[in-house]
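**Q** The structure under discussion is supplied below as structure tokens; questions concerning it will follow.
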Protein chains: 4
Amino acid sequence: MSIFETLESEVRSYSRGWPAVFDRAQGSWLYAEDGKAYLDFFAGAGALNYGHNNPALKKALIDYISRDGVTHSLDMFTVAKRDFLESLDEVILKPRSMEYKVIFPGPGGANAVEAALKLARKVTGKESVINFTNAFHGMTLGALSVTGNSMKRGGAGIPLVHATPMPYDKYFDGAYPDFLYFERLLEDSGSGLNEPAAVIVETVQGEGGINAARLEWLQGLAELCKRHGILLILDDVQMGCGRTGPFFSFEDAGIKPDMICLSKSISGYGLPMALTLINPELDVWAPGEHNGTFRGISPAFVTATEALRTYWRDDELEKSTKAKGERIGGVFKELVQSYPDARLVAKGRGLARGLEFPDGETAGKVCAAAFDRGLLMETSGPDGEVVKLLPALTTTDSEFTQGLEIIEESVKAVLSP
Amino acid sequence: MSIFETLESEVRSYSRGWPAVFDRAQGSWLYAEDGKAYLDFFAGAGALNYGHNNPALKKALIDYISRDGVTHSLDMFTVAKRDFLESLDEVILKPRSMEYKVIFPGPGGANAVEAALKLARKVTGKESVINFTNAFHGMTLGALSVTGNSMKRGGAGIPLVHATPMPYDKYFDGAYPDFLYFERLLEDSGSGLNEPAAVIVETVQGEGGINAARLEWLQGLAELCKRHGILLILDDVQMGCGRTGPFFSFEDAGIKPDMICLSKSISGYGLPMALTLINPELDVWAPGEHNGTFRGISPAFVTATEALRTYWRDDELEKSTKAKGERIGGVFKELVQSYPDARLVAKGRGLARGLEFPDGETAGKVCAAAFDRGLLMETSGPDGEVVKLLPALTTTDSEFTQGLEIIEESVKAVLSP
Amino acid sequence: MSIFETLESEVRSYSRGWPAVFDRAQGSWLYAEDGKAYLDFFAGAGALNYGHNNPALKKALIDYISRDGVTHSLDMFTVAKRDFLESLDEVILKPRSMEYKVIFPGPGGANAVEAALKLARKVTGKESVINFTNAFHGMTLGALSVTGNSMKRGGAGIPLVHATPMPYDKYFDGAYPDFLYFERLLEDSGSGLNEPAAVIVETVQGEGGINAARLEWLQGLAELCKRHGILLILDDVQMGCGRTGPFFSFEDAGIKPDMICLSKSISGYGLPMALTLINPELDVWAPGEHNGTFRGISPAFVTATEALRTYWRDDELEKSTKAKGERIGGVFKELVQSYPDARLVAKGRGLARGLEFPDGETAGKVCAAAFDRGLLMETSGPDGEVVKLLPALTTTDSEFTQGLEIIEESVKAVLSP
Amino acid sequence: MSIFETLESEVRSYSRGWPAVFDRAQGSWLYAEDGKAYLDFFAGAGALNYGHNNPALKKALIDYISRDGVTHSLDMFTVAKRDFLESLDEVILKPRSMEYKVIFPGPGGANAVEAALKLARKVTGKESVINFTNAFHGMTLGALSVTGNSMKRGGAGIPLVHATPMPYDKYFDGAYPDFLYFERLLEDSGSGLNEPAAVIVETVQGEGGINAARLEWLQGLAELCKRHGILLILDDVQMGCGRTGPFFSFEDAGIKPDMICLSKSISGYGLPMALTLINPELDVWAPGEHNGTFRGISPAFVTATEALRTYWRDDELEKSTKAKGERIGGVFKELVQSYPDARLVAKGRGLARGLEFPDGETAGKVCAAAFDRGLLMETSGPDGEVVKLLPALTTTDSEFTQGLEIIEESVKAVLSP
């Protein structure tokens, strides 16, 4: 029995679907220690938008480490942090006329969410938060409270309160007006809804099953929040950094969230890093009122800076992401039509794509079939019924050709063997 | 005005006491961009026990990155993780006859604590946790609930419930029996204390003011927990990895916690990484019931493995840490005697050392005086009244000579200018 | 200034709309100390279904007190309690084939609700409860948590959690399917809704604005609860004891709640008394696990017994209540038609009747005009926009003639002066 | 099987220890339907301080009912309420120079406590409350949260948070300074104690085991609250109305609580009634922000008024209560000395008296033996180890002679049969 089985907790999950021991990686490829190559269409659950060990970033990283650049710096001033902040300002914020202040909330996405929730409550003096059905925001207690998945919620061993779920876009397949229930509860002083400090939302729910909200729904939500004085927290941890095309996934909707959570691909190299961007008016915490050890990991700043400068000085990546996404979408639509009895649904936006199956078992079989054929992808959704694709944005056309063929074969192998 | 001031949130803290822009680092030294060298006696708040950019670890790290070793791997099987687990088993656990399973709870110490609390509640079906006065366990909602500092608690904007503070060792200066109140409440079915799932404790409270619990107090606590069926969570995030001498800070007490939280120096290089070690009987979470993006950062595994193999195959580091700690302790005792009117107190164990002043203002001035003289150290304690030293364990004798002289000068400059 | 103004808290409310000092009462009449008679169409907010100082009950009460029957008896066995239980069984439960056990939860309706909520949570091991928009269940912390009114919730000074409001019947004017959102959230394991222990519901929301749920909605709710294993708590505190016609307000719907809360008119004489009827399978509390001082007020048992025996041995009261209710409803419909511009709405069932105005100010003026004309009635609804009638079920036809004329005059005086 | 066994919930408790069916009562005597007389030394758990069916009160009550005085009046102005308020002011408040406003919080003691807790939180904006070990404040969710008994807390089926228990007087048998832990936690900003809105305390813990706090402890507590800006809520539900001698149980301590909870014997006749007296500065609730159906039960006002006028115009009752209490105390001390091996403890003040046995089983046997001999008394304390006496204050000397003989016999029968 391997050391993984004897020593690692049974809570481990990805290693169960992908029973290989990986060693090296480059671009869209992972290599197991037995030399077998796997085309990775999961990309670290969206943490590797620029591919594994992106050469441009790798060079900057090795240079930095080699010259003994500061590695760990709490929240001290460093050259690496200054470079990152300047790049963020010049490449991302200023061109978009976005005015935000930057909190370094800790190393992961959950920290970005926890900081946003804490600050929203502190600022408003209200404790309640509105989340959406099938949301995923993290596994720490605050973030888990606004996460939908009942299995994950059950892991807390404690009642998760202070959040009320509202229906996400298309929850009723468009049969009813948007925000019908939400707005009615807000306007009715007898509704029993605790007045919310904030709404937290993803533009595309990745873990929730690649549910892509329509732009007009996002606009409606932003207006509703403004109308009722509710802070809008946009959790762009998985969908930001270009996953759906633009740097921020909400750009096409033209909305202005009060807080934005970034993590996963912000460092560009898979290194832990997170940001909470806040409207400057919300910058009310006293020095140290929120802190943490891993808020100044300079190697991550270095690769983050390099990623911004390499990929976001123009709109090429945005365009190619949208185009590549359309290609996958097209293939998925064909699959939907090819198997009319299977009631498949093509979902997603940009390079966050999903193919929904009637049940989790079938979706799981398709992923297993793909793994056997050398392709990594995962299921998501409340019952694991959606095959989820989050390929690196740098995946080449020929790699997509190869990967999509495997997907078609895998679907066929499962649905009409 | 600098980009830090315009773009970074006012919540930043360390940069206020150390207004320099750091660029490079090596061993116990940080170098500002203006070339000025600072002797670092804070070591990333204990995240850099082996010094900045430790050469042995650095080599392994660059090799790994250069050869395109997997960087980000969720919780997949990787060669890097296997190496780490094997080293942990061989170098640390087996020699100490410790049987634990390893959870990778996320990138930071707060994740290790959140995982422990969640699991303790899940296993026991109880929600309440006992923490101690002046405890610090992190800034996410679960971890913050068991943290003592009122300013940090206030940052949550929400009532933090489910935890009851008990007096830490020497809270009443030894005037009363240990656990007097705690045990009485537990035994009295009318006490109104919610039956606790777990106790969470640090062996030395770093943020709380370098309060070192006596070994017999820790033993008494472990026995009390056993007697009452309460899980004992040992938060060794700051005091583990050799900070007080032995790898685990509780080794000399001979106790066996049910769960152990590790982070900060576990990667050895300042890279985000955390572990929650659990009694195998507690390994009840279903696959994925706790998960996260940054649980498999292989570069951190690589430096962690190298650190274990380099420093923990024998007891040399443990011995030198204790010796160096005694040296600091000796100097602090002399300071206490030199300024009898100042009511100083020397505190700490191993290389976690504190010098308590009557108030936070004085302690802050001493740190500022030390910074002017090129030494980094911080205050801690409820009112910032304790000068806290967490130097790298690899700090040389001559560096200690240099640093301790600065401390003596700084104290003198403040107390008898 | 009167002793009321100097000594009683400003929280007093009814005395503000009815600034008279009342002394005597009989049937549907209250007499102020200046001798002025008021026709009471509010009947103690539904606590006086048999009228003030009902002669049959009064005789039994005076007899009991005169012969030194036990007054206060905790939860001891008493002759008075036995008589009550036997009458309840014979007159109410057995004829309806209802099997319930009786908890005496304390003196008031809030106690009946608190007992039901506590027991539901204890039995199911779940903490969450579903309540409905504009529900009213009481002012103690547990009951207040499931109450909708934001002003009253704000009085708690504490976040009220553990309850999620769902839309009551006709919340969207019938435009959408019943239980659309509720059932969808229950069936979706990713919805983020905490699995509820229980649903608590009123058949007609009195405080909420005389919102009468349709029988088919109640049936649908009961089926939904059964399908999902959720306990159904029927709060019949205000609408039970014949207020809508049958003894239990849900009888016509043919449903079988798991728990039933009764209070207000159960004693028949306005004396504090409450019951929580529970499905025998739920009778799991240990002796004394819920207790209280005022659970055995024998004078209330005596009048309660007399009321059951006097009014519920046949269906005469039920029939007359429905007929009288129809009469009020008819008058209200005429008013609606007479003032087409005023957008009035006639609401209610049995002798729980409401006339909704466009705003609270107008409704308040109508009540004030009625008071000036010698009629007591109150407003309800989230903005006080509904004139609420809860006349004694024993109100005579001529009294109704008199009262309804006053209402018509008052509406006219306000709407077309 | 009786109707009690078939229809009443198993949660009933007193009827288990006293398996008789009571019918009539007068003074200190209860009469079962078989004619057997029981001397009642429990007096409705303190709700019958003036005895069962006190003749003076009974006359006023029957007169009031006979003349059709208003019975149920919500919180309207009534002659009966005015008479009560005037009497309270003249007989109780003014002679003691006490300035309070009166809230009618609902019919029972739990309502008085819930109102106090809600208001304290509302006023201070803090949610946490300090309670004491072995406190009892009621069974509704808010009151239960500050109650100590673990069995009763378990009945809630929900985590009871927002309260932290502190040691009551003599919790450590006087071995440690009063408020040692409490004050230290308050003064230490790193203690982790949520800043409390209020302290809630009983002067003698009845349910908790007849624990009588020393006057200096109460004074120390009042000073501590003042020093730290914490509201002091005095729960005088069981110990007020003369139970320990003076009308308010805290009078001899000379303290001035911010809020006082009264119920049980305030109506004098065992009828449900409760008051929350508040410092006028705390009178901030808007009209109706706390309300309820049973806040104006005029028959209770009538007997309450009569009780105040009959018994509190002079200090005779206070003196006789203290004298009678001393007599019981003397007998209990003799019992302690007579059975040195039994480790009995005599407890209490005024006519709240306890005899502590080493365990609940023994105490229960003594009560059972007393019941067989025609005396009613109950056990209390966390393990039911204290025989509790709360006789009517009007119990005559010869009745005490009779009752104390039964107690002596019963103790003897159990301890040295």
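Quick note on naming: the chains in the structure tokens go A, B, ... in the order shown, residues restart at 1 in each chain, and ligands are numbered from 1 in order of appearance.
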Which residues are close to range 303-307 of chain B, i.e. within 8 Å by only C-alpha atoms, leaving aside same-chain residues fewer than 6 positions away? Reply as a list in words.
**A**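 The residues that qualify are Tyr50, Ala56, Leu57, Lys58, Ala60, Leu61, Asp83, Phe84, Ser87, Leu88, Ile266, Ser267, Gly268 and Tyr269 of chain B.
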**Q** Excluding same-chain residues fewer than 4 positions from Pro165 in chain C, what lies within 10 Å of it counting only C-alpha atoms, as a list in words?
**A**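 Listed by chain and then number, they are Thr164, Leu185, Ser191, Gly192, Leu193 and Asn194 of chain A; Val129, Ile130, Asn131, Phe132, Thr133, Asn134, Ala135, Val146, Thr147, Gly148, Phe182 and Val199 of chain C.
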**Q** Please, could you write that set of residues out with N, CA, C and O atoms as a JSON list (two decimals), in the first residue's frame?
**A**
[["chain", "number", "residue", "atom", "x", "y", "z"],
["A", 164, "THR", "N", -28.77, 33.58, 3.60],
["A", 164, "THR", "CA", -30.03, 33.12, 3.02],
["A", 164, "THR", "C", -29.84, 32.94, 1.52],
["A", 164, "THR", "O", -29.43, 33.87, 0.83],
["A", 185, "LEU", "N", -39.03, 40.13, -0.86],
["A", 185, "LEU", "CA", -38.67, 40.00, 0.55],
["A", 185, "LEU", "C", -38.02, 41.27, 1.08],
["A", 185, "LEU", "O", -38.24, 41.68, 2.22],
["A", 191, "SER", "N", -41.37, 40.56, 5.95],
["A", 191, "SER", "CA", -40.98, 39.31, 5.29],
["A", 191, "SER", "C", -40.20, 38.37, 6.20],
["A", 191, "SER", "O", -40.12, 37.17, 5.95],
["A", 192, "GLY", "N", -39.58, 38.93, 7.22],
["A", 192, "GLY", "CA", -38.76, 38.08, 8.08],
["A", 192, "GLY", "C", -37.35, 37.89, 7.56],
["A", 192, "GLY", "O", -36.55, 37.20, 8.19],
["A", 193, "LEU", "N", -37.02, 38.48, 6.43],
["A", 193, "LEU", "CA", -35.65, 38.40, 5.93],
["A", 193, "LEU", "C", -34.80, 39.40, 6.71],
["A", 193, "LEU", "O", -35.11, 40.58, 6.76],
["A", 194, "ASN", "N", -33.72, 38.91, 7.31],
["A", 194, "ASN", "CA", -32.81, 39.84, 7.97],
["A", 194, "ASN", "C", -32.18, 40.74, 6.91],
["A", 194, "ASN", "O", -31.72, 40.26, 5.88],
["C", 129, "VAL", "N", -35.52, 26.12, 10.82],
["C", 129, "VAL", "CA", -36.98, 26.09, 10.74],
["C", 129, "VAL", "C", -37.40, 26.99, 9.58],
["C", 129, "VAL", "O", -36.79, 28.02, 9.33],
["C", 130, "ILE", "N", -38.40, 26.55, 8.87],
["C", 130, "ILE", "CA", -38.98, 27.37, 7.81],
["C", 130, "ILE", "C", -40.19, 28.12, 8.37],
["C", 130, "ILE", "O", -41.08, 27.50, 8.96],
["C", 131, "ASN", "N", -40.17, 29.43, 8.20],
["C", 131, "ASN", "CA", -41.36, 30.21, 8.56],
["C", 131, "ASN", "C", -41.87, 30.89, 7.29],
["C", 131, "ASN", "O", -41.31, 30.71, 6.21],
["C", 132, "PHE", "N", -42.92, 31.66, 7.44],
["C", 132, "PHE", "CA", -43.48, 32.30, 6.25],
["C", 132, "PHE", "C", -43.46, 33.82, 6.37],
["C", 132, "PHE", "O", -43.46, 34.38, 7.47],
["C", 133, "THR", "N", -43.41, 34.44, 5.23],
["C", 133, "THR", "CA", -43.48, 35.90, 5.18],
["C", 133, "THR", "C", -44.69, 36.38, 5.96],
["C", 133, "THR", "O", -45.77, 35.81, 5.87],
["C", 134, "ASN", "N", -44.47, 37.42, 6.75],
["C", 134, "ASN", "CA", -45.53, 38.06, 7.55],
["C", 134, "ASN", "C", -46.12, 37.17, 8.63],
["C", 134, "ASN", "O", -47.22, 37.41, 9.13],
["C", 135, "ALA", "N", -45.35, 36.14, 9.02],
["C", 135, "ALA", "CA", -45.77, 35.30, 10.13],
["C", 135, "ALA", "C", -45.65, 36.06, 11.44],
["C", 135, "ALA", "O", -44.84, 36.97, 11.58],
["C", 146, "VAL", "N", -38.94, 33.26, 14.29],
["C", 146, "VAL", "CA", -39.79, 32.82, 13.19],
["C", 146, "VAL", "C", -40.91, 33.82, 12.88],
["C", 146, "VAL", "O", -41.84, 33.51, 12.14],
["C", 147, "THR", "N", -40.80, 34.99, 13.47],
["C", 147, "THR", "CA", -41.77, 36.07, 13.22],
["C", 147, "THR", "C", -41.20, 37.01, 12.15],
["C", 147, "THR", "O", -40.00, 37.24, 12.11],
["C", 148, "GLY", "N", -42.09, 37.54, 11.31],
["C", 148, "GLY", "CA", -41.60, 38.30, 10.17],
["C", 148, "GLY", "C", -41.34, 39.79, 10.40],
["C", 148, "GLY", "O", -40.41, 40.34, 9.84],
["C", 182, "PHE", "N", -39.59, 26.93, -2.44],
["C", 182, "PHE", "CA", -39.37, 26.07, -1.27],
["C", 182, "PHE", "C", -39.01, 24.65, -1.72],
["C", 182, "PHE", "O", -37.98, 24.09, -1.32],
["C", 199, "VAL", "N", -41.56, 23.14, 9.70],
["C", 199, "VAL", "CA", -42.23, 24.31, 9.13],
["C", 199, "VAL", "C", -43.22, 24.80, 10.17],
["C", 199, "VAL", "O", -43.91, 23.98, 10.78]]
**Q** So that I can see what lies close to range 219-222 of chain A, please list as a list of chain:residue names the residues with an atom at most 7 Å from it, counting only C-alpha atoms and leaving out residues fewer than 6 positions away in the same chain.
**A**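 Once the nearby chain positions are removed, what remains is A:Leu232, A:Ala253, A:Ile255.
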**Q** So that I can see what lies close to Val91 in chain D, please list as number ranges by chain the residues with an atom at most 10 Å from it, counting only C-alpha atoms and leaving out residues fewer than 5 positions away in the same chain.
**A** D: 85-86, 96, 305, 308-309, 311-314
**Q** With a distance threshold of 12 Å and counting only C-alpha atoms, extract the residues of chain C near chain B and express them as a list in words.
**A**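 Taking only C-alpha atoms into account, Gly125, Lys126, Gly157, Ile158, Pro159, Leu160 and Val161 of chain C sit within 12 Å of chain B.
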**Q** Generate a file of the selected residues that holds N, CA, C and O atoms, formatted as an mmCIF file, in the first residue's frame.
**A**
data_model
loop_
_atom_site.group_PDB
_atom_site.id
_atom_site.type_symbol
_atom_site.label_atom_id
_atom_site.label_comp_id
_atom_site.auth_asym_id
_atom_site.auth_seq_id
_atom_site.Cartn_x
_atom_site.Cartn_y
_atom_site.Cartn_z
ATOM 1 N N GLY C 125 -32.823 16.535 15.369
ATOM 2 C CA GLY C 125 -31.396 16.822 15.341
ATOM 3 C C GLY C 125 -31.027 17.898 14.336
ATOM 4 O O GLY C 125 -29.853 18.089 14.026
ATOM 5 N N LYS C 126 -32.025 18.587 13.819
ATOM 6 C CA LYS C 126 -31.757 19.704 12.904
ATOM 7 C C LYS C 126 -32.153 21.011 13.596
ATOM 8 O O LYS C 126 -33.004 21.014 14.460
ATOM 9 N N GLY C 157 -32.261 42.876 19.483
ATOM 10 C CA GLY C 157 -30.891 43.320 19.698
ATOM 11 C C GLY C 157 -29.853 42.259 19.435
ATOM 12 O O GLY C 157 -28.732 42.324 19.934
ATOM 13 N N ILE C 158 -30.186 41.289 18.653
ATOM 14 C CA ILE C 158 -29.342 40.123 18.434
ATOM 15 C C ILE C 158 -29.735 39.536 17.088
ATOM 16 O O ILE C 158 -30.896 39.619 16.709
ATOM 17 N N PRO C 159 -28.768 38.988 16.319
ATOM 18 C CA PRO C 159 -29.172 38.382 15.039
ATOM 19 C C PRO C 159 -30.109 37.199 15.291
ATOM 20 O O PRO C 159 -29.793 36.327 16.097
ATOM 21 N N LEU C 160 -31.235 37.205 14.601
ATOM 22 C CA LEU C 160 -32.180 36.097 14.745
ATOM 23 C C LEU C 160 -31.915 35.129 13.599
ATOM 24 O O LEU C 160 -32.227 35.421 12.440
ATOM 25 N N VAL C 161 -31.342 34.005 13.918
ATOM 26 C CA VAL C 161 -30.945 33.079 12.870
ATOM 27 C C VAL C 161 -31.754 31.785 12.981
ATOM 28 O O VAL C 161 -32.728 31.729 13.682
#
**Q** Any idea what's packed within 10 Å of Ala143 in chain B, counting only C-alpha atoms, ignoring anything in its chain fewer than 2 positions away? Could you give it as a PDB file with N, CA and C atoms, in the first residue's frame?
**A**
ATOM      1  N   THR A 140     -13.545  27.541   4.659  1.00  0.00           N
ATOM      2  CA  THR A 140     -13.440  28.072   6.017  1.00  0.00           C
ATOM      3  C   THR A 140     -14.827  28.505   6.473  1.00  0.00           C
ATOM      4  N   LEU A 141     -15.002  28.696   7.769  1.00  0.00           N
ATOM      5  CA  LEU A 141     -16.352  28.781   8.299  1.00  0.00           C
ATOM      6  C   LEU A 141     -17.192  29.891   7.673  1.00  0.00           C
ATOM      7  N   GLY A 142     -16.604  31.067   7.498  1.00  0.00           N
ATOM      8  CA  GLY A 142     -17.341  32.167   6.879  1.00  0.00           C
ATOM      9  C   GLY A 142     -17.686  31.873   5.432  1.00  0.00           C
TER      10      GLY A 142
ATOM     11  N   GLY B 109      -2.104  28.637   8.023  1.00  0.00           N
ATOM     12  CA  GLY B 109      -2.371  28.135   9.362  1.00  0.00           C
ATOM     13  C   GLY B 109      -3.848  28.183   9.717  1.00  0.00           C
ATOM     14  N   ALA B 110      -4.531  29.212   9.262  1.00  0.00           N
ATOM     15  CA  ALA B 110      -5.958  29.312   9.560  1.00  0.00           C
ATOM     16  C   ALA B 110      -6.721  28.137   8.955  1.00  0.00           C
ATOM     17  N   ASN B 111      -6.274  27.678   7.782  1.00  0.00           N
ATOM     18  CA  ASN B 111      -6.922  26.505   7.180  1.00  0.00           C
ATOM     19  C   ASN B 111      -6.709  25.259   8.044  1.00  0.00           C
ATOM     20  N   ALA B 112      -5.516  25.135   8.606  1.00  0.00           N
ATOM     21  CA  ALA B 112      -5.242  23.982   9.469  1.00  0.00           C
ATOM     22  C   ALA B 112      -6.151  24.005  10.694  1.00  0.00           C
ATOM     23  N   VAL B 113      -6.354  25.208  11.226  1.00  0.00           N
ATOM     24  CA  VAL B 113      -7.214  25.364  12.397  1.00  0.00           C
ATOM     25  C   VAL B 113      -8.680  25.141  12.027  1.00  0.00           C
ATOM     26  N   GLU B 114      -9.104  25.730  10.918  1.00  0.00           N
ATOM     27  CA  GLU B 114     -10.502  25.550  10.485  1.00  0.00           C
ATOM     28  C   GLU B 114     -10.816  24.068  10.273  1.00  0.00           C
ATOM     29  N   ALA B 115      -9.899  23.358   9.638  1.00  0.00           N
ATOM     30  CA  ALA B 115     -10.124  21.930   9.393  1.00  0.00           C
ATOM     31  C   ALA B 115     -10.237  21.177  10.712  1.00  0.00           C
ATOM     32  N   ALA B 116      -9.366  21.507  11.643  1.00  0.00           N
ATOM     33  CA  ALA B 116      -9.394  20.815  12.939  1.00  0.00           C
ATOM     34  C   ALA B 116     -10.712  21.081  13.665  1.00  0.00           C
ATOM     35  N   LEU B 117     -11.141  22.330  13.676  1.00  0.00           N
ATOM     36  CA  LEU B 117     -12.383  22.677  14.381  1.00  0.00           C
ATOM     37  C   LEU B 117     -13.590  22.011  13.725  1.00  0.00           C
ATOM     38  N   PHE B 136      -4.183  32.999  19.849  1.00  0.00           N
ATOM     39  CA  PHE B 136      -4.296  33.467  18.464  1.00  0.00           C
ATOM     40  C   PHE B 136      -4.299  32.254  17.550  1.00  0.00           C
ATOM     41  N   HIS B 137      -5.343  32.132  16.736  1.00  0.00           N
ATOM     42  CA  HIS B 137      -5.425  30.967  15.861  1.00  0.00           C
ATOM     43  C   HIS B 137      -5.736  31.325  14.411  1.00  0.00           C
ATOM     44  N   GLY B 138      -5.952  32.579  14.111  1.00  0.00           N
ATOM     45  CA  GLY B 138      -6.165  32.943  12.711  1.00  0.00           C
ATOM     46  C   GLY B 138      -7.316  33.904  12.522  1.00  0.00           C
ATOM     47  N   MET B 139      -7.538  34.314  11.271  1.00  0.00           N
ATOM     48  CA  MET B 139      -8.445  35.413  10.984  1.00  0.00           C
ATOM     49  C   MET B 139      -9.677  35.007  10.184  1.00  0.00           C
ATOM     50  N   THR B 140      -9.785  33.765   9.765  1.00  0.00           N
ATOM     51  CA  THR B 140     -11.023  33.314   9.142  1.00  0.00           C
ATOM     52  C   THR B 140     -12.053  33.067  10.248  1.00  0.00           C
ATOM     53  N   LEU B 141     -13.317  33.003   9.890  1.00  0.00           N
ATOM     54  CA  LEU B 141     -14.360  33.098  10.905  1.00  0.00           C
ATOM     55  C   LEU B 141     -14.241  32.041  12.008  1.00  0.00           C
ATOM     56  N   SER B 145     -12.972  32.925  15.865  1.00  0.00           N
ATOM     57  CA  SER B 145     -13.863  32.669  17.008  1.00  0.00           C
ATOM     58  C   SER B 145     -13.093  32.178  18.229  1.00  0.00           C
ATOM     59  N   VAL B 146     -11.970  31.525  18.001  1.00  0.00           N
ATOM     60  CA  VAL B 146     -11.197  30.997  19.130  1.00  0.00           C
ATOM     61  C   VAL B 146      -9.962  31.849  19.408  1.00  0.00           C
ATOM     62  N   THR B 147      -9.909  33.012  18.804  1.00  0.00           N
ATOM     63  CA  THR B 147      -8.813  33.964  19.018  1.00  0.00           C
ATOM     64  C   THR B 147      -9.237  34.980  20.060  1.00  0.00           C
TER      65      THR B 147
END
**Q** Using backbone DSSP assignments, extract all strand (DSSP E or B) residues from range 260-384 of chain D; output them as an NGL selection string.
**A** :D and (260-262 or 275-278 or 297 or 345-349 or 352-356 or 375-376 or 378-380)
**Q** Quick one: of B:Ala43, B:Val204, B:Ile230, B:Leu218, who's nearest to Ala25 in chain B, counting only C-alpha atoms?
**A**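 Under the stated criterion, the closest residue is B:Ala43.
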